[in-house]
$ cat data34.cif   # mmCIF, C-alpha atoms
data_input
#
loop_
_atom_site.group_PDB
_atom_site.id
_atom_site.type_symbol
_atom_site.label_atom_id
_atom_site.label_comp_id
_atom_site.auth_asym_id
_atom_site.auth_seq_id
_atom_site.Cartn_x
_atom_site.Cartn_y
_atom_site.Cartn_z
ATOM 1 C CA MET A 54 28.603 -48.151 -22.126
ATOM 2 C CA GLN A 55 30.424 -51.311 -21.136
ATOM 3 C CA GLN A 56 32.249 -49.426 -18.369
ATOM 4 C CA ILE A 57 28.953 -48.148 -16.959
ATOM 5 C CA ILE A 58 27.510 -51.694 -16.866
ATOM 6 C CA TYR A 59 30.708 -52.944 -15.209
ATOM 7 C CA PHE A 60 30.482 -50.171 -12.579
ATOM 8 C CA LEU A 61 26.817 -51.013 -11.803
ATOM 9 C CA VAL A 62 27.541 -54.731 -11.472
ATOM 10 C CA LYS A 63 30.605 -54.125 -9.321
ATOM 11 C CA ASN A 64 28.784 -51.748 -6.963
ATOM 12 C CA SER A 65 25.348 -53.319 -7.104
ATOM 13 C CA TYR A 66 25.201 -54.065 -3.348
ATOM 14 C CA ARG A 67 26.224 -50.534 -2.405
ATOM 15 C CA LEU A 68 23.736 -48.984 -4.827
ATOM 16 C CA LEU A 69 20.966 -51.271 -3.578
ATOM 17 C CA PHE A 70 21.762 -50.300 0.008
ATOM 18 C CA LEU A 71 21.618 -46.575 -0.800
ATOM 19 C CA LEU A 72 18.326 -47.015 -2.671
ATOM 20 C CA LEU A 73 16.725 -48.903 0.230
ATOM 21 C CA LEU A 74 18.098 -46.335 2.698
ATOM 22 C CA GLY A 75 16.566 -43.528 0.697
ATOM 23 C CA ILE A 76 13.204 -45.265 0.496
ATOM 24 C CA SER A 77 13.201 -45.928 4.230
ATOM 25 C CA LEU A 78 14.010 -42.299 5.021
ATOM 26 C CA VAL A 79 11.192 -41.061 2.775
ATOM 27 C CA LEU A 80 8.697 -43.486 4.376
ATOM 28 C CA THR A 81 9.825 -42.495 7.875
ATOM 29 C CA ILE A 82 9.434 -38.761 7.152
ATOM 30 C CA LYS A 83 6.004 -39.228 5.587
ATOM 31 C CA SER A 84 4.672 -41.443 8.382
ATOM 32 C CA HIS A 85 5.952 -39.394 11.364
ATOM 33 C CA SER A 86 4.994 -35.718 11.786
ATOM 34 C CA TYR A 87 8.009 -34.969 14.002
ATOM 35 C CA HIS A 88 10.506 -36.254 11.448
ATOM 36 C CA ARG A 89 8.641 -34.442 8.677
ATOM 37 C CA SER A 90 8.739 -31.118 10.535
ATOM 38 C CA GLU A 91 12.433 -31.511 11.339
ATOM 39 C CA TYR A 92 13.198 -32.254 7.696
ATOM 40 C CA ILE A 93 11.241 -29.204 6.524
ATOM 41 C CA ASN A 94 12.958 -26.950 9.079
ATOM 42 C CA SER A 95 16.389 -28.216 8.051
ATOM 43 C CA ALA A 96 15.593 -27.716 4.374
ATOM 44 C CA ASN A 97 14.258 -24.213 5.050
ATOM 45 C CA ASN A 98 17.367 -23.291 7.037
ATOM 46 C CA LEU A 99 19.612 -24.537 4.255
ATOM 47 C CA THR A 100 17.755 -22.796 1.424
ATOM 48 C CA GLY A 101 17.293 -19.674 3.552
ATOM 49 C CA GLY A 102 21.043 -19.478 4.159
ATOM 50 C CA VAL A 103 21.763 -19.935 0.460
ATOM 51 C CA TYR A 104 19.261 -17.223 -0.520
ATOM 52 C CA GLU A 105 20.691 -14.879 2.111
ATOM 53 C CA LYS A 106 24.206 -15.307 0.723
ATOM 54 C CA ILE A 107 22.964 -14.736 -2.827
ATOM 55 C CA ASN A 108 21.073 -11.602 -1.753
ATOM 56 C CA SER A 109 24.121 -10.270 0.118
ATOM 57 C CA SER A 110 26.248 -10.792 -2.974
ATOM 58 C CA LYS A 111 23.738 -8.926 -5.129
ATOM 59 C CA GLU A 112 23.625 -6.043 -2.649
ATOM 60 C CA TYR A 113 27.433 -5.855 -2.599
ATOM 61 C CA LEU A 114 27.617 -5.782 -6.386
ATOM 62 C CA SER A 115 25.002 -3.003 -6.509
ATOM 63 C CA LEU A 116 26.869 -0.758 -4.046
ATOM 64 C CA LYS A 117 28.615 1.070 -6.884
ATOM 65 C CA GLU A 118 25.309 2.159 -8.404
ATOM 66 C CA LYS A 119 23.880 3.026 -4.982
ATOM 67 C CA ASN A 120 26.897 5.202 -4.161
ATOM 68 C CA LYS A 121 26.576 6.964 -7.508
ATOM 69 C CA SER A 122 22.888 7.593 -6.908
ATOM 70 C CA LEU A 123 23.548 8.947 -3.400
ATOM 71 C CA ALA A 124 26.250 11.275 -4.726
ATOM 72 C CA GLU A 125 23.835 12.674 -7.312
ATOM 73 C CA GLU A 126 21.211 13.233 -4.629
ATOM 74 C CA ASN A 127 23.752 14.942 -2.368
ATOM 75 C CA ALA A 128 24.724 17.265 -5.220
ATOM 76 C CA ARG A 129 21.101 18.367 -5.621
ATOM 77 C CA LEU A 130 20.681 18.877 -1.872
ATOM 78 C CA LYS A 131 23.903 20.866 -1.571
ATOM 79 C CA GLU A 132 22.856 23.121 -4.452
ATOM 80 C CA MET A 133 19.590 23.824 -2.627
ATOM 81 C CA LEU A 134 21.441 24.452 0.636
ATOM 82 C CA PHE A 135 23.970 26.872 -0.853
ATOM 83 C CA ASN A 136 21.194 28.885 -2.485
ATOM 84 C CA THR A 137 18.858 29.025 0.514
ATOM 85 C CA LYS A 138 18.247 32.544 1.736
ATOM 86 C CA ASP A 139 18.499 33.435 5.409
ATOM 87 C CA THR A 140 15.314 35.530 5.249
ATOM 88 C CA LEU A 141 12.327 33.811 6.829
ATOM 89 C CA ILE A 142 8.632 34.464 6.227
ATOM 90 C CA GLY A 143 6.659 32.775 8.966
ATOM 91 C CA LYS A 144 8.257 29.362 9.447
ATOM 92 C CA GLU A 145 9.164 28.725 5.813
ATOM 93 C CA THR A 146 12.533 29.383 4.247
ATOM 94 C CA ILE A 147 12.247 31.093 0.875
ATOM 95 C CA LEU A 148 14.196 29.527 -2.001
ATOM 96 C CA SER A 149 13.819 31.046 -5.460
ATOM 97 C CA ASN A 150 15.321 29.323 -8.496
ATOM 98 C CA LEU A 151 15.657 32.753 -10.111
ATOM 99 C CA ASP A 152 18.059 33.817 -7.357
ATOM 100 C CA SER A 153 20.208 30.668 -7.411
ATOM 101 C CA VAL A 154 23.856 31.704 -7.300
ATOM 102 C CA PHE A 155 25.579 28.329 -6.991
ATOM 103 C CA THR A 156 25.313 25.190 -9.105
ATOM 104 C CA VAL A 157 26.656 21.845 -7.914
ATOM 105 C CA LYS A 158 27.806 18.814 -9.913
ATOM 106 C CA LYS A 159 29.122 15.499 -8.668
ATOM 107 C CA ALA A 160 32.396 13.968 -9.842
ATOM 108 C CA LYS A 161 34.635 11.067 -8.892
ATOM 109 C CA VAL A 162 38.293 11.265 -7.929
ATOM 110 C CA ILE A 163 40.256 8.989 -10.254
ATOM 111 C CA LYS A 164 43.721 10.099 -9.127
ATOM 112 C CA ASN A 165 44.872 11.590 -5.843
ATOM 113 C CA VAL A 166 48.438 12.807 -5.355
ATOM 114 C CA PHE A 167 49.141 13.731 -1.711
ATOM 115 C CA ASN A 168 52.841 12.940 -1.099
ATOM 116 C CA THR A 169 54.476 15.974 -2.764
ATOM 117 C CA ARG A 170 54.495 19.709 -2.004
ATOM 118 C CA GLU A 171 52.277 20.494 -4.998
ATOM 119 C CA ASN A 172 49.529 17.919 -4.708
ATOM 120 C CA TYR A 173 46.585 17.604 -7.072
ATOM 121 C CA LEU A 174 43.597 15.416 -7.928
ATOM 122 C CA THR A 175 42.101 14.275 -11.231
ATOM 123 C CA LEU A 176 38.326 14.089 -11.706
ATOM 124 C CA ASN A 177 36.278 12.140 -14.266
ATOM 125 C CA ILE A 178 34.477 15.245 -15.538
ATOM 126 C CA GLY A 179 35.511 18.117 -17.806
ATOM 127 C CA LYS A 180 34.548 20.777 -20.330
ATOM 128 C CA ARG A 181 31.704 18.705 -21.753
ATOM 129 C CA GLU A 182 29.968 19.126 -18.393
ATOM 130 C CA ASN A 183 30.782 22.866 -18.320
ATOM 131 C CA ILE A 184 33.537 22.437 -15.743
ATOM 132 C CA LYS A 185 35.867 25.442 -15.743
ATOM 133 C CA THR A 186 38.964 26.752 -13.992
ATOM 134 C CA ASP A 187 38.502 28.268 -10.516
ATOM 135 C CA MET A 188 35.446 26.241 -9.523
ATOM 136 C CA GLY A 189 35.415 25.004 -5.941
ATOM 137 C CA VAL A 190 35.617 21.312 -5.015
ATOM 138 C CA ILE A 191 34.238 19.916 -1.747
ATOM 139 C CA ASN A 192 32.923 16.667 -0.313
ATOM 140 C CA ASP A 193 30.663 15.797 2.628
ATOM 141 C CA LYS A 194 33.381 16.633 5.172
ATOM 142 C CA GLY A 195 34.581 19.957 3.773
ATOM 143 C CA ILE A 196 36.737 21.643 1.149
ATOM 144 C CA VAL A 197 39.007 19.659 -1.147
ATOM 145 C CA GLY A 198 40.501 22.211 -3.540
ATOM 146 C CA ILE A 199 39.972 24.342 -6.665
ATOM 147 C CA ILE A 200 39.695 23.307 -10.325
ATOM 148 C CA GLU A 201 42.957 24.256 -12.065
ATOM 149 C CA LYS A 202 42.813 22.797 -15.588
ATOM 150 C CA THR A 203 40.225 21.013 -17.721
ATOM 151 C CA SER A 204 40.041 18.867 -20.859
ATOM 152 C CA ASN A 205 36.919 17.553 -22.578
ATOM 153 C CA ASN A 206 36.453 14.669 -20.127
ATOM 154 C CA TYR A 207 38.723 15.387 -17.164
ATOM 155 C CA ALA A 208 39.681 18.112 -14.704
ATOM 156 C CA THR A 209 42.612 18.563 -12.342
ATOM 157 C CA VAL A 210 42.191 20.061 -8.886
ATOM 158 C CA LEU A 211 44.680 22.179 -6.944
ATOM 159 C CA SER A 212 44.452 20.379 -3.611
ATOM 160 C CA VAL A 213 44.328 22.274 -0.307
ATOM 161 C CA LEU A 214 47.492 20.248 0.309
ATOM 162 C CA ASN A 215 49.383 22.325 -2.278
ATOM 163 C CA THR A 216 51.870 25.010 -1.298
ATOM 164 C CA LYS A 217 50.405 27.245 -4.030
ATOM 165 C CA SER A 218 46.871 27.038 -2.616
ATOM 166 C CA ARG A 219 45.321 30.257 -1.250
ATOM 167 C CA ILE A 220 41.730 30.180 0.088
ATOM 168 C CA ASN A 221 39.808 32.797 2.061
ATOM 169 C CA ALA A 222 38.728 31.390 5.429
ATOM 170 C CA LYS A 223 37.495 32.598 8.796
ATOM 171 C CA ILE A 224 37.091 31.633 12.442
ATOM 172 C CA LYS A 225 33.449 30.646 12.697
ATOM 173 C CA ASN A 226 32.681 32.042 16.151
ATOM 174 C CA SER A 227 34.380 35.424 15.632
ATOM 175 C CA ASN A 228 34.220 36.040 11.841
ATOM 176 C CA HIS A 229 37.859 37.137 11.750
ATOM 177 C CA PHE A 230 39.351 36.337 8.344
ATOM 178 C CA GLY A 231 42.655 34.962 7.132
ATOM 179 C CA THR A 232 44.250 33.079 4.254
ATOM 180 C CA LEU A 233 44.341 29.293 4.237
ATOM 181 C CA VAL A 234 47.691 27.875 3.072
ATOM 182 C CA TRP A 235 49.716 24.666 3.458
ATOM 183 C CA ASP A 236 53.304 24.520 4.674
ATOM 184 C CA GLY A 237 54.012 21.227 2.872
ATOM 185 C CA LYS A 238 54.663 19.213 6.031
ATOM 186 C CA ASN A 239 51.662 17.264 7.381
ATOM 187 C CA VAL A 240 48.771 16.000 5.202
ATOM 188 C CA GLY A 241 46.376 16.301 8.139
ATOM 189 C CA TYR A 242 46.956 20.014 8.794
ATOM 190 C CA VAL A 243 46.793 23.355 6.980
ATOM 191 C CA GLN A 244 47.552 26.850 8.241
ATOM 192 C CA LEU A 245 45.376 29.966 8.540
ATOM 193 C CA ILE A 246 47.668 32.995 8.328
ATOM 194 C CA ASP A 247 47.266 36.788 8.678
ATOM 195 C CA VAL A 248 44.624 36.517 11.392
ATOM 196 C CA PRO A 249 44.477 39.756 13.481
ATOM 197 C CA ARG A 250 45.590 39.580 17.122
ATOM 198 C CA LEU A 251 42.174 40.966 18.084
ATOM 199 C CA ALA A 252 40.594 37.634 17.142
ATOM 200 C CA SER A 253 39.272 35.542 20.015
ATOM 201 C CA LEU A 254 40.744 32.056 19.629
ATOM 202 C CA HIS A 255 40.388 28.740 21.411
ATOM 203 C CA LYS A 256 41.615 25.257 20.615
ATOM 204 C CA GLY A 257 38.818 23.342 18.902
ATOM 205 C CA ASP A 258 37.206 26.407 17.284
ATOM 206 C CA SER A 259 35.850 25.681 13.794
ATOM 207 C CA ILE A 260 37.459 27.143 10.686
ATOM 208 C CA VAL A 261 35.163 27.612 7.661
ATOM 209 C CA THR A 262 35.220 29.342 4.276
ATOM 210 C CA GLY A 263 34.744 33.103 4.383
ATOM 211 C CA SER A 264 32.291 35.427 2.669
ATOM 212 C CA GLU A 265 35.134 37.097 0.728
ATOM 213 C CA SER A 266 35.667 33.919 -1.273
ATOM 214 C CA GLU A 267 34.504 34.109 -4.884
ATOM 215 C CA ILE A 268 34.818 30.338 -5.278
ATOM 216 C CA PHE A 269 33.228 28.706 -2.228
ATOM 217 C CA PRO A 270 29.941 29.475 -0.491
ATOM 218 C CA GLU A 271 30.375 30.849 3.008
ATOM 219 C CA ASN A 272 30.673 28.470 5.989
ATOM 220 C CA ILE A 273 31.901 25.337 4.187
ATOM 221 C CA PRO A 274 33.735 23.302 6.893
ATOM 222 C CA ILE A 275 37.529 23.177 6.787
ATOM 223 C CA GLY A 276 38.808 22.029 10.165
ATOM 224 C CA LYS A 277 39.423 22.885 13.821
ATOM 225 C CA VAL A 278 42.022 25.061 15.559
ATOM 226 C CA ASP A 279 44.858 22.871 16.829
ATOM 227 C CA LYS A 280 47.642 25.306 17.758
ATOM 228 C CA VAL A 281 48.038 29.088 17.639
ATOM 229 C CA PHE A 282 51.312 30.928 16.984
ATOM 230 C CA VAL A 283 52.144 34.653 16.957
ATOM 231 C CA ASP A 284 54.215 35.995 14.060
ATOM 232 C CA ASN A 285 56.535 38.493 15.760
ATOM 233 C CA LYS A 286 57.292 40.248 12.475
ATOM 234 C CA THR A 287 53.691 40.957 11.472
ATOM 235 C CA ASN A 288 52.021 40.658 14.884
ATOM 236 C CA TYR A 289 49.369 38.378 13.333
ATOM 237 C CA TYR A 290 48.277 34.907 14.347
ATOM 238 C CA THR A 291 49.228 31.792 12.431
ATOM 239 C CA ILE A 292 46.797 28.991 13.217
ATOM 240 C CA ASN A 293 47.498 25.309 12.719
ATOM 241 C CA VAL A 294 44.200 23.804 11.499
ATOM 242 C CA ARG A 295 43.406 20.095 11.738
ATOM 243 C CA LEU A 296 41.436 19.196 8.586
ATOM 244 C CA PHE A 297 38.043 17.506 8.824
ATOM 245 C CA ASN A 298 38.850 15.729 5.553
ATOM 246 C CA ASP A 299 41.176 12.780 5.178
ATOM 247 C CA MET A 300 42.836 14.051 2.024
ATOM 248 C CA THR A 301 44.491 10.683 1.417
ATOM 249 C CA SER A 302 41.114 8.950 0.936
ATOM 250 C CA LEU A 303 38.670 10.710 -1.389
ATOM 251 C CA GLY A 304 35.852 9.206 -3.481
ATOM 252 C CA TYR A 305 32.967 11.304 -4.785
ATOM 253 C CA VAL A 306 33.295 15.084 -4.659
ATOM 254 C CA TYR A 307 31.105 18.068 -5.611
ATOM 255 C CA ILE A 308 32.067 20.893 -7.948
ATOM 256 C CA ILE A 309 30.644 24.321 -7.117
ATOM 257 C CA ASN A 310 30.153 27.110 -9.659
ATOM 258 C CA ASN A 311 29.449 30.661 -8.512
ATOM 259 C CA LYS A 312 27.444 32.118 -11.408
ATOM 260 C CA LEU A 313 27.967 35.686 -10.185
ATOM 261 C CA LYS A 314 31.735 35.401 -9.735
ATOM 262 C CA GLU A 315 32.688 37.140 -13.002
ATOM 263 C CA GLU A 316 30.232 39.980 -12.396
ATOM 264 C CA LYS A 317 31.757 40.613 -8.955
ATOM 265 C CA LYS A 318 35.307 40.493 -10.314
ATOM 266 C CA LYS A 319 34.487 42.908 -13.127
ATOM 267 C CA LEU A 320 32.898 45.430 -10.788
ATOM 268 C CA GLU A 321 35.801 45.297 -8.322
ATOM 269 C CA ASN A 322 38.379 45.692 -11.119
ATOM 270 C CA GLU A 323 36.527 48.710 -12.497
ATOM 271 C CA THR A 324 36.455 50.236 -9.027
ATOM 272 C CA ILE A 325 40.203 49.736 -8.488
ATOM 273 C CA SER A 326 41.165 51.088 -11.931
ATOM 274 C CA LYS A 327 39.489 54.468 -11.336
#
$ encode --input "data34.cif" --output "structure tokens"
Amino acid sequence: MQQIIYFLVKNSYRLLFLLLLGISLVLTIKSHSYHRSEYINSANNLTGGVYEKINSSKEYLSLKEKNKSLAEENARLKEMLFNTKDTLIGKETILSNLDSVFTVKKAKVIKNVFNTRENYLTLNIGKRENIKTDMGVINDKGIVGIIEKTSNNYATVLSVLNTKSRINAKIKNSNHFGTLVWDGKNVGYVQLIDVPRLASLHKGDSIVTGSESEIFPENIPIGKVDKVFVDNKTNYYTINVRLFNDMTSLGYVYIINNKLKEEKKKLENETISK
């Protein structure tokens, strides 16, 4: 208490000056409209800037929830898209829930290995969400891989950048099929092999998933034709495909389940065994 009194006595002239200055400023602002308007504008600019920064911070912190919500919405839309029939009645596309073949669930990549020859991803979803082996994994840009193993809460994905990967694919504009593989060299490219020489090919043609696939719906984007080679031993094309996806940067993905896959497999096996 004594120190406070000492401080006030020692700085009494300064404090008196500041008090009188404050009073004079208040009287000036109140008595002159111009000064009053300038003061209000300055105060509004200051508080407006502060509120804008606070709002921006809140929006940034809420991005995680917004991204999660958008991923869930995309999963629902993709499920509708994959199950939409091509048949048209009038101008309306018919979509029957009873005929839905594909289900779609969102997941998040929590680990992404892309610097080996047998690359894989880990997802934050597993058996508790009915995730099983051999389900397809895509994102907004195209295919990512195939579910390989699952635990209660996690799943691993055989990446398209894995030398063991084999996916049915086709040239979009000609419908000629081949097998999508990876040679283990460049993370931006995969190869479409066993494409017949009859296929019409041009650089820039789109490569998509084929109808023979039991895992992916038809026409999921994969990439574009970059270079074409002829295998002299088999007389087939080998196509270097530039991926649409940046496989080194993956966030949310979508897991696709073909509900009729086992039925198709069973029928084909019974046909072969006869």
$ resolve_selection --input "data34.cif" --expression "the PyMOL selection byres ((chain A and resi 242-255) around 6)" --output "compact mmCIF listing (two decimals) with C-alpha atoms, in the frame of the given file"
# COMPACT_ATOMS: atom_id res chain seq x y z
CA GLY A 231 42.66 34.96 7.13
CA THR A 232 44.25 33.08 4.25
CA LEU A 233 44.34 29.29 4.24
CA VAL A 234 47.69 27.88 3.07
CA TRP A 235 49.72 24.67 3.46
CA ASN A 239 51.66 17.26 7.38
CA VAL A 240 48.77 16.00 5.20
CA GLY A 241 46.38 16.30 8.14
CA LYS A 256 41.62 25.26 20.62
CA ASP A 258 37.21 26.41 17.28
CA TYR A 289 49.37 38.38 13.33
CA TYR A 290 48.28 34.91 14.35
CA THR A 291 49.23 31.79 12.43
CA ILE A 292 46.80 28.99 13.22
CA ASN A 293 47.50 25.31 12.72
CA VAL A 294 44.20 23.80 11.50
CA ARG A 295 43.41 20.10 11.74
CA LEU A 296 41.44 19.20 8.59
$ atom_distance --input "data34.cif" --atom1 "CA of Ala160 in chain A" --atom2 "CA of Tyr307 in chain A"
6.0 Å
$ axis_aligned_box --input "data34.cif" --around "range 256-261 of chain A" --padding-each-side "4 Å" --output "JSON"
{"center_x": 38.4, "center_y": 25.5, "center_z": 14.1, "size_x": 14.5, "size_y": 12.3, "size_z": 21.0}
$ resolve_selection --input "data34.cif" --expression "the PyMOL selection byres ((chain A and resi 261-275) around 8)" --output "ChimeraX atom specification"
/A:135,155,187-189,194-196,220-225,230,259-260,276-277,296-298,309-311,314
$ atom_distance --input "data34.cif" --atom1 "CA of Arg170 in chain A" --atom2 "CA of Lys202 in chain A"
18.2 Å
$ closest_residue --input "data34.cif" --among "A:Gly179, A:Gly237, A:Gly257, A:Gly75" --to "Lys161 in chain A" --atoms "only C-alpha atoms"
A:Gly179
$ residues_near_point --input "data34.cif" --point "(42.7, 12.1, -0.8)" --cutoff "8 Å" --atoms "only C-alpha atoms" --output "MDAnalysis selection string"
chainID A and resid 165:167 174 299:304
$ atom_distance --input "data34.cif" --atom1 "CA of Ser227 in chain A" --atom2 "CA of Val281 in chain A"
15.2 Å
